[in-house]
file final.pdb (PDB, C-alpha atoms)
ATOM      1  CA  MET A1484       0.000   0.000   0.000
ATOM      2  CA  LYS A1485       1.454   3.283  -1.073
ATOM      3  CA  LYS A1486       2.039   5.721   1.761
ATOM      4  CA  LEU A1487       0.430   9.142   1.366
ATOM      5  CA  PRO A1488       2.771  12.148   1.509
ATOM      6  CA  LEU A1489       2.573  14.236   4.665
ATOM      7  CA  LEU A1490       1.258  17.198   2.686
ATOM      8  CA  HIS A1491      -1.686  15.168   1.427
ATOM      9  CA  LEU A1492      -2.473  14.020   4.955
ATOM     10  CA  VAL A1493      -2.482  17.637   6.125
ATOM     11  CA  PHE A1494      -4.805  18.580   3.254
ATOM     12  CA  ILE A1495      -7.144  15.678   4.071
ATOM     13  CA  PHE A1496      -7.260  16.716   7.728
ATOM     14  CA  ALA A1497      -7.942  20.352   6.825
ATOM     15  CA  GLY A1498     -10.603  19.330   4.311
ATOM     16  CA  GLY A1499     -12.240  17.093   6.898
ATOM     17  CA  LEU A1500     -12.466  20.015   9.317
ATOM     18  CA  VAL A1501     -14.146  22.150   6.663
ATOM     19  CA  LEU A1502     -16.656  19.403   5.851
ATOM     20  CA  LEU A1503     -17.334  18.896   9.559
ATOM     21  CA  PHE A1504     -17.926  22.631   9.948
ATOM     22  CA  ILE A1505     -20.535  22.496   7.158
ATOM     23  CA  ILE A1506     -22.232  19.247   8.151
ATOM     24  CA  ALA A1507     -22.206  19.401  11.967
ATOM     25  CA  PRO A1508     -24.586  22.400  12.432
ATOM     26  CA  LEU A1509     -27.069  20.945   9.942
ATOM     27  CA  VAL A1510     -26.989  17.458  11.442
ATOM     28  CA  GLY A1511     -27.255  18.927  14.932
ATOM     29  CA  MET A1512     -30.323  20.931  13.925
ATOM     30  CA  VAL A1513     -31.998  17.844  12.455
ATOM     31  CA  LEU A1514     -31.208  15.673  15.502
ATOM     32  CA  ARG A1515     -32.645  18.300  17.861
ATOM     33  CA  THR A1516     -35.944  18.330  15.962
ATOM     34  CA  THR A1517     -38.461  15.658  16.979
ATOM     35  CA  PRO A1518     -40.683  13.843  14.459
ATOM     36  CA  TYR A1519     -43.721  15.414  16.130
ATOM     37  CA  GLN A1520     -42.302  18.913  15.617
ATOM     38  CA  LEU A1521     -41.589  18.151  11.958
ATOM     39  CA  PHE A1522     -45.089  16.779  11.423
ATOM     40  CA  ASP A1523     -46.689  19.709  13.194
ATOM     41  CA  ALA A1524     -44.725  22.241  11.152
ATOM     42  CA  SER A1525     -45.216  20.410   7.841
ATOM     43  CA  THR A1526     -49.000  20.362   8.303
ATOM     44  CA  ASP A1527     -49.147  24.031   9.300
ATOM     45  CA  PRO A1528     -50.959  25.916   6.482
ATOM     46  CA  GLU A1529     -48.819  29.002   7.080
ATOM     47  CA  VAL A1530     -45.633  26.998   6.561
ATOM     48  CA  GLN A1531     -47.026  25.299   3.446
ATOM     49  CA  ARG A1532     -48.074  28.621   1.909
ATOM     50  CA  SER A1533     -44.716  30.154   2.740
ATOM     51  CA  VAL A1534     -42.664  27.338   1.179
ATOM     52  CA  LEU A1535     -44.828  27.314  -1.959
ATOM     53  CA  LEU A1536     -44.605  31.094  -2.284
ATOM     54  CA  THR A1537     -40.819  31.012  -1.909
ATOM     55  CA  LEU A1538     -40.391  28.327  -4.566
ATOM     56  CA  LEU A1539     -42.747  29.941  -7.079
ATOM     57  CA  VAL A1540     -41.417  33.470  -6.689
ATOM     58  CA  SER A1541     -37.794  32.369  -6.953
ATOM     59  CA  LEU A1542     -38.593  30.308 -10.059
ATOM     60  CA  GLY A1543     -40.499  33.213 -11.582
ATOM     61  CA  ALA A1544     -37.688  35.673 -10.876
ATOM     62  CA  THR A1545     -35.079  33.307 -12.299
ATOM     63  CA  PHE A1546     -36.782  32.568 -15.604
ATOM     64  CA  SER A1547     -38.117  36.113 -16.106
ATOM     65  CA  PHE A1548     -34.724  37.740 -15.737
ATOM     66  CA  ALA A1549     -32.987  34.972 -17.708
ATOM     67  CA  LEU A1550     -34.650  36.343 -20.846
ATOM     68  CA  ALA A1551     -32.473  39.461 -20.557
ATOM     69  CA  ALA A1552     -29.504  38.118 -18.587
ATOM     70  CA  VAL A1553     -28.491  35.424 -21.106
ATOM     71  CA  PRO A1554     -28.371  37.816 -24.110
ATOM     72  CA  LEU A1555     -26.385  40.288 -21.991
ATOM     73  CA  ALA A1556     -23.905  37.537 -21.106
ATOM     74  CA  TYR A1557     -23.527  36.722 -24.809
ATOM     75  CA  LEU A1558     -22.754  40.338 -25.693
ATOM     76  CA  LEU A1559     -20.204  40.553 -22.896
ATOM     77  CA  ALA A1560     -18.549  37.345 -24.115
ATOM     78  CA  ARG A1561     -18.436  38.260 -27.806
ATOM     79  CA  LYS A1562     -18.131  42.040 -28.045
ATOM     80  CA  ASN A1563     -15.450  44.478 -26.948
ATOM     81  CA  PHE A1564     -16.740  47.952 -26.255
ATOM     82  CA  PHE A1565     -16.125  51.033 -24.163
ATOM     83  CA  LEU A1566     -16.727  50.541 -20.396
ATOM     84  CA  LYS A1567     -17.073  46.766 -20.743
ATOM     85  CA  ARG A1568     -14.890  46.160 -17.691
ATOM     86  CA  LEU A1569     -16.992  48.616 -15.714
ATOM     87  CA  ILE A1570     -20.173  46.768 -16.693
ATOM     88  CA  LEU A1571     -18.634  43.448 -15.625
ATOM     89  CA  ALA A1572     -17.779  45.004 -12.272
ATOM     90  CA  ILE A1573     -21.274  46.500 -11.848
ATOM     91  CA  ILE A1574     -22.868  43.099 -12.448
ATOM     92  CA  ASN A1575     -21.066  41.711  -9.381
ATOM     93  CA  ILE A1576     -21.984  44.576  -7.030
ATOM     94  CA  PRO A1577     -25.045  42.755  -5.560
ATOM     95  CA  ILE A1578     -22.747  39.938  -4.411
ATOM     96  CA  VAL A1579     -20.505  42.177  -2.301
ATOM     97  CA  ILE A1580     -22.899  44.731  -0.788
ATOM     98  CA  PRO A1581     -24.854  43.977   2.422
ATOM     99  CA  HIS A1582     -28.224  42.586   1.469
ATOM    100  CA  THR A1583     -30.056  44.926   3.794
ATOM    101  CA  ALA A1584     -28.488  47.743   1.775
ATOM    102  CA  ALA A1585     -29.635  45.955  -1.375
ATOM    103  CA  GLY A1586     -33.153  45.870   0.056
ATOM    104  CA  ILE A1587     -33.087  49.596   0.752
ATOM    105  CA  ALA A1588     -31.872  50.244  -2.796
ATOM    106  CA  ILE A1589     -34.649  48.072  -4.257
ATOM    107  CA  LEU A1590     -37.213  49.721  -1.987
ATOM    108  CA  GLY A1591     -36.280  53.148  -3.323
ATOM    109  CA  PHE A1592     -36.423  51.820  -6.882
ATOM    110  CA  ILE A1593     -39.928  50.342  -6.585
ATOM    111  CA  SER A1594     -41.541  52.664  -4.038
ATOM    112  CA  ARG A1595     -44.791  54.396  -4.916
ATOM    113  CA  ASP A1596     -42.930  57.683  -5.479
ATOM    114  CA  SER A1597     -40.447  56.186  -7.966
ATOM    115  CA  ALA A1598     -40.952  56.142 -11.730
ATOM    116  CA  LEU A1599     -41.431  52.356 -11.710
ATOM    117  CA  GLY A1600     -43.758  52.560  -8.737
ATOM    118  CA  LYS A1601     -45.923  55.200 -10.402
ATOM    119  CA  LEU A1602     -46.036  53.166 -13.609
ATOM    120  CA  ALA A1603     -47.117  50.081 -11.666
ATOM    121  CA  GLY A1604     -49.619  52.155  -9.692
ATOM    122  CA  GLY A1605     -51.239  53.170 -12.957
ATOM    123  CA  ILE A1606     -52.324  49.554 -13.475
ATOM    124  CA  GLY A1607     -53.233  49.026  -9.833
ATOM    125  CA  LEU A1608     -50.051  47.238  -8.761
ATOM    126  CA  SER A1609     -47.909  48.032  -5.742
ATOM    127  CA  PHE A1610     -44.576  46.225  -5.484
ATOM    128  CA  ILE A1611     -44.322  46.831  -1.728
ATOM    129  CA  GLY A1612     -45.680  43.831   0.135
ATOM    130  CA  HIS A1613     -46.344  41.960  -3.107
ATOM    131  CA  PRO A1614     -44.779  38.796  -4.616
ATOM    132  CA  ALA A1615     -43.596  40.911  -7.559
ATOM    133  CA  GLY A1616     -41.542  43.031  -5.164
ATOM    134  CA  ILE A1617     -40.146  39.885  -3.542
ATOM    135  CA  ALA A1618     -39.164  38.590  -6.991
ATOM    136  CA  LEU A1619     -37.315  41.823  -7.774
ATOM    137  CA  ALA A1620     -35.410  41.637  -4.468
ATOM    138  CA  MET A1621     -34.503  37.985  -5.088
ATOM    139  CA  ALA A1622     -33.403  38.702  -8.655
ATOM    140  CA  PHE A1623     -31.253  41.667  -7.620
ATOM    141  CA  VAL A1624     -29.054  39.609  -5.294
ATOM    142  CA  SER A1625     -28.960  36.439  -7.410
ATOM    143  CA  ILE A1626     -28.709  37.526 -11.060
ATOM    144  CA  PRO A1627     -24.883  37.844 -11.028
ATOM    145  CA  PHE A1628     -24.645  34.055 -10.673
ATOM    146  CA  LEU A1629     -26.572  33.523 -13.904
ATOM    147  CA  ILE A1630     -24.790  36.229 -15.891
ATOM    148  CA  ASN A1631     -21.335  35.052 -14.820
ATOM    149  CA  ALA A1632     -22.106  31.398 -15.570
ATOM    150  CA  ALA A1633     -23.631  32.200 -18.968
ATOM    151  CA  HIS A1634     -20.686  34.476 -19.785
ATOM    152  CA  ASP A1635     -18.251  31.646 -19.026
ATOM    153  CA  GLY A1636     -20.344  29.314 -21.160
ATOM    154  CA  PHE A1637     -20.330  31.575 -24.204
ATOM    155  CA  MET A1638     -16.603  32.187 -23.755
ATOM    156  CA  SER A1639     -16.066  28.416 -23.967
ATOM    157  CA  VAL A1640     -17.805  28.220 -27.354
ATOM    158  CA  PRO A1641     -15.217  28.358 -30.188
ATOM    159  CA  GLU A1642     -15.876  31.600 -32.029
ATOM    160  CA  ARG A1643     -14.730  30.003 -35.284
ATOM    161  CA  LEU A1644     -17.892  27.866 -35.321
ATOM    162  CA  GLU A1645     -20.068  30.956 -35.201
ATOM    163  CA  LYS A1646     -18.040  32.681 -37.908
ATOM    164  CA  ALA A1647     -18.210  29.608 -40.129
ATOM    165  CA  ALA A1648     -21.988  29.496 -39.823
ATOM    166  CA  LEU A1649     -22.254  33.208 -40.599
ATOM    167  CA  SER A1650     -20.045  32.793 -43.645
ATOM    168  CA  LEU A1651     -22.393  30.052 -44.885
ATOM    169  CA  GLY A1652     -25.319  32.445 -44.762
ATOM    170  CA  ALA A1653     -26.848  31.767 -41.341
ATOM    171  CA  SER A1654     -28.364  34.785 -39.614
ATOM    172  CA  PRO A1655     -26.944  35.967 -36.260
ATOM    173  CA  ALA A1656     -30.151  34.852 -34.544
ATOM    174  CA  ARG A1657     -29.886  31.365 -36.034
ATOM    175  CA  VAL A1658     -26.217  31.114 -35.068
ATOM    176  CA  PHE A1659     -27.087  32.099 -31.503
ATOM    177  CA  LEU A1660     -30.018  29.680 -31.213
ATOM    178  CA  THR A1661     -28.457  26.674 -32.962
ATOM    179  CA  ILE A1662     -24.755  26.954 -32.070
ATOM    180  CA  SER A1663     -23.939  29.348 -29.241
ATOM    181  CA  LEU A1664     -26.867  28.576 -26.944
ATOM    182  CA  PRO A1665     -26.758  24.749 -27.217
ATOM    183  CA  LEU A1666     -22.987  24.620 -26.679
ATOM    184  CA  ALA A1667     -23.163  26.947 -23.659
ATOM    185  CA  TRP A1668     -26.320  25.359 -22.260
ATOM    186  CA  ARG A1669     -24.690  23.379 -19.446
ATOM    187  CA  TYR A1670     -23.159  26.600 -18.052
ATOM    188  CA  ILE A1671     -26.440  28.471 -18.417
ATOM    189  CA  LEU A1672     -28.375  25.712 -16.670
ATOM    190  CA  SER A1673     -25.850  25.747 -13.835
ATOM    191  CA  GLY A1674     -26.314  29.522 -13.580
ATOM    192  CA  LEU A1675     -30.097  29.133 -13.528
ATOM    193  CA  ILE A1676     -29.811  26.607 -10.687
ATOM    194  CA  MET A1677     -27.521  28.883  -8.688
ATOM    195  CA  MET A1678     -29.745  31.916  -9.253
ATOM    196  CA  PHE A1679     -32.826  29.953  -8.202
ATOM    197  CA  ALA A1680     -31.078  28.580  -5.111
ATOM    198  CA  ARG A1681     -29.739  31.999  -4.117
ATOM    199  CA  GLY A1682     -33.200  33.508  -4.487
ATOM    200  CA  LEU A1683     -34.669  30.834  -2.229
ATOM    201  CA  SER A1684     -32.296  31.719   0.590
ATOM    202  CA  GLU A1685     -32.591  35.503   0.410
ATOM    203  CA  PHE A1686     -33.693  37.266   3.592
ATOM    204  CA  GLY A1687     -32.103  40.688   4.039
ATOM    205  CA  ALA A1688     -33.319  42.331   0.835
ATOM    206  CA  VAL A1689     -36.744  40.678   0.898
ATOM    207  CA  VAL A1690     -37.628  41.544   4.489
ATOM    208  CA  ILE A1691     -37.235  45.258   3.713
ATOM    209  CA  VAL A1692     -39.315  45.133   0.549
ATOM    210  CA  ALA A1693     -42.044  42.749   1.752
ATOM    211  CA  TYR A1694     -42.326  41.390   5.287
ATOM    212  CA  HIS A1695     -45.722  40.092   4.204
ATOM    213  CA  PRO A1696     -46.517  37.835   2.416
ATOM    214  CA  MET A1697     -43.846  35.872   4.223
ATOM    215  CA  ILE A1698     -41.362  33.809   2.301
ATOM    216  CA  THR A1699     -39.887  30.983   4.371
ATOM    217  CA  PRO A1700     -36.604  32.684   5.434
ATOM    218  CA  VAL A1701     -38.684  35.580   6.811
ATOM    219  CA  LEU A1702     -41.120  33.169   8.487
ATOM    220  CA  ILE A1703     -38.233  31.356  10.190
ATOM    221  CA  TYR A1704     -36.894  34.670  11.495
ATOM    222  CA  GLU A1705     -40.347  35.785  12.631
ATOM    223  CA  ARG A1706     -40.961  32.572  14.563
ATOM    224  CA  PHE A1707     -37.494  32.689  16.108
ATOM    225  CA  CYS A1708     -38.034  36.257  17.345
ATOM    226  CA  ALA A1709     -41.574  35.610  18.561
ATOM    227  CA  PHE A1710     -41.352  32.107  20.037
ATOM    228  CA  GLY A1711     -37.713  31.061  20.177
ATOM    229  CA  LEU A1712     -35.411  28.481  18.673
ATOM    230  CA  SER A1713     -37.552  25.388  19.268
ATOM    231  CA  TYR A1714     -40.437  26.884  17.281
ATOM    232  CA  ALA A1715     -38.308  28.106  14.381
ATOM    233  CA  ARG A1716     -36.071  25.025  14.033
ATOM    234  CA  PRO A1717     -38.667  22.620  12.519
ATOM    235  CA  VAL A1718     -39.541  25.135   9.797
ATOM    236  CA  ALA A1719     -35.850  25.570   9.028
ATOM    237  CA  VAL A1720     -35.350  21.793   8.758
ATOM    238  CA  ILE A1721     -38.344  21.420   6.419
ATOM    239  CA  PHE A1722     -37.231  24.294   4.206
ATOM    240  CA  ILE A1723     -33.664  23.001   3.982
ATOM    241  CA  ALA A1724     -35.007  19.562   3.028
ATOM    242  CA  VAL A1725     -37.251  21.055   0.321
ATOM    243  CA  CYS A1726     -34.428  23.208  -1.068
ATOM    244  CA  LEU A1727     -32.043  20.260  -1.028
ATOM    245  CA  ALA A1728     -34.561  18.066  -2.854
ATOM    246  CA  PHE A1729     -35.102  20.700  -5.548
ATOM    247  CA  PHE A1730     -31.360  21.253  -5.855
ATOM    248  CA  ILE A1731     -30.705  17.520  -6.301
ATOM    249  CA  VAL A1732     -33.451  17.203  -8.930
ATOM    250  CA  LEU A1733     -32.137  20.182 -10.875
ATOM    251  CA  ARG A1734     -28.591  18.836 -10.704
ATOM    252  CA  ILE A1735     -29.791  15.486 -12.039
ATOM    253  CA  ILE A1736     -31.535  17.257 -14.908
ATOM    254  CA  SER A1737     -28.367  19.248 -15.542
ATOM    255  CA  LYS A1738     -26.270  16.053 -15.608
ATOM    256  CA  GLU A1739     -28.723  14.354 -17.989
ATOM    257  CA  LYS A1740     -28.567  17.305 -20.374
ATOM    258  CA  LYS A1741     -24.778  17.285 -20.158
ATOM    259  CA  ASP A1742     -24.618  13.563 -20.934
ATOM    260  CA  ALA A1743     -27.057  13.965 -23.812
ATOM    261  CA  SER A1744     -24.963  16.732 -25.366
ATOM    262  CA  THR A1745     -21.708  14.714 -25.264
TER
END

call {"tool": "encode", "arguments": {"input": "final.pdb", "output": "structure tokens"}}
result
Amino acid sequence: MKKLPLLHLVFIFAGGLVLLFIIAPLVGMVLRTTPYQLFDASTDPEVQRSVLLTLLVSLGATFSFALAAVPLAYLLARKNFFLKRLILAIINIPIVIPHTAAGIAILGFISRDSALGKLAGGIGLSFIGHPAGIALAMAFVSIPFLINAAHDGFMSVPERLEKAALSLGASPARVFLTISLPLAWRYILSGLIMMFARGLSEFGAVVIVAYHPMITPVLIYERFCAFGLSYARPVAVIFIAVCLAFFIVLRIISKEKKDAST
């Protein structure tokens, strides 16, 4: 049996500590939650509505903004233009700013006194305290993941294939839909999954824009503040399980698409 180098043993030990740090709090939370508490929380209509709202709004935000984010990523991957580096930096701002600050920024953008708020008010819609406002807050903090992943995907597509198709008479739209998009699809799908998952977990920006209706991260916080840890923990366990299940399913779909394209 070949002996592992000391450096590898150190790396394994350090990696094990990191994995333990990630797994131990989650396992501890699950073990401290009784089956009765899980059943009681899972049958609570408020919890059910909250989980469903969170899933639907995050999905809606992801696919709505993907219609603009993917074309933007393609332009950034294929075109060189003035202030391109600045635009790439701006895209990543939501990742680095505090999410409560992001919520305040979104609140000012969609408030009734803003241009967007007045436009929405004209058709009887108020973003404040509405799922549409929640979707905007989720999208603001999560869209960089999709743009960056799609950008990397389009960068991986050999530009010579696109040029060859153009030289043979294909339109730019056809080249994009039949060459660029299919070849970059695995990156885009990964970005969609990450954007959806990040939207699910958002709290800071959402709670400023819409405390009600409550998405699940806000509901967990509300129950923790009002009733304590034992009342909030079962909801947290259920939501983590739901998110994990969705994440696994989406990853399986992503793997199947990857295998089908190879």

call {"tool": "atom_distance", "arguments": {"input": "final.pdb", "atom1": "atom CA of A:Ile1506", "atom2": "atom CA of A:Arg1532"}}
result
28.2 Å

call {"tool": "resolve_selection", "arguments": {"input": "final.pdb", "expression": "the PyMOL selection byres ((chain A and resi 1614-1631) around 7)", "output": "PyMOL selection string"}}
result
chain A and resi 1540-1541+1544-1545+1552-1553+1556+1574-1575+1577-1578+1586+1589+1610-1613+1632-1635+1671+1674-1675+1677-1678+1681-1682+1685+1688-1689+1692-1693

call {"tool": "resolve_selection", "arguments": {"input": "final.pdb", "expression": "the PyMOL selection byres ((chain A and resi 1716-1724) around 12)", "output": "MDAnalysis selection string"}}
result
chainID A and resid 1508:1538 1680 1683:1684 1698:1708 1710:1715 1725:1731

call {"tool": "atom_distance", "arguments": {"input": "final.pdb", "atom1": "atom CA of A:Gly1687", "atom2": "atom CA of A:Ile1587"}}
result
9.5 Å

call {"tool": "resolve_selection", "arguments": {"input": "final.pdb", "expression": "the PyMOL selection byres ((chain A and resi 1558) around 12)", "output": "PyMOL selection string"}}
result
chain A and resi 1551-1557+1559-1564+1567+1570-1571+1630+1633-1635+1637-1638+1659+1663

call {"tool": "atom_distance", "arguments": {"input": "final.pdb", "atom1": "atom CA of A:Ala1656", "atom2": "atom CA of A:Ser1673"}}
result
23.0 Å

call {"tool": "closest_residue", "arguments": {"input": "final.pdb", "among": "A:Leu1666, A:Ala1585, A:Val1690, A:Ile1735", "to": "A:Glu1645", "atoms": "all atoms listed in the file"}}
result
A:Leu1666

call {"tool": "closest_residue", "arguments": {"input": "final.pdb", "among": "A:Leu1500, A:Leu1566, A:Val1640, A:Ala1647", "to": "A:Leu1664", "atoms": "all atoms listed in the file"}}
result
A:Val1640

call {"tool": "closest_residue", "arguments": {"input": "final.pdb", "among": "A:Ser1639, A:Phe1679, A:Met1697, A:Tyr1670", "to": "A:Ser1547", "atoms": "all atoms listed in the file"}}
result
A:Phe1679

call {"tool": "closest_residue", "arguments": {"input": "final.pdb", "among": "A:Phe1686, A:Leu1644, A:Ala1497, A:Leu1489", "to": "A:Val1658", "atoms": "all atoms listed in the file"}}
result
A:Leu1644
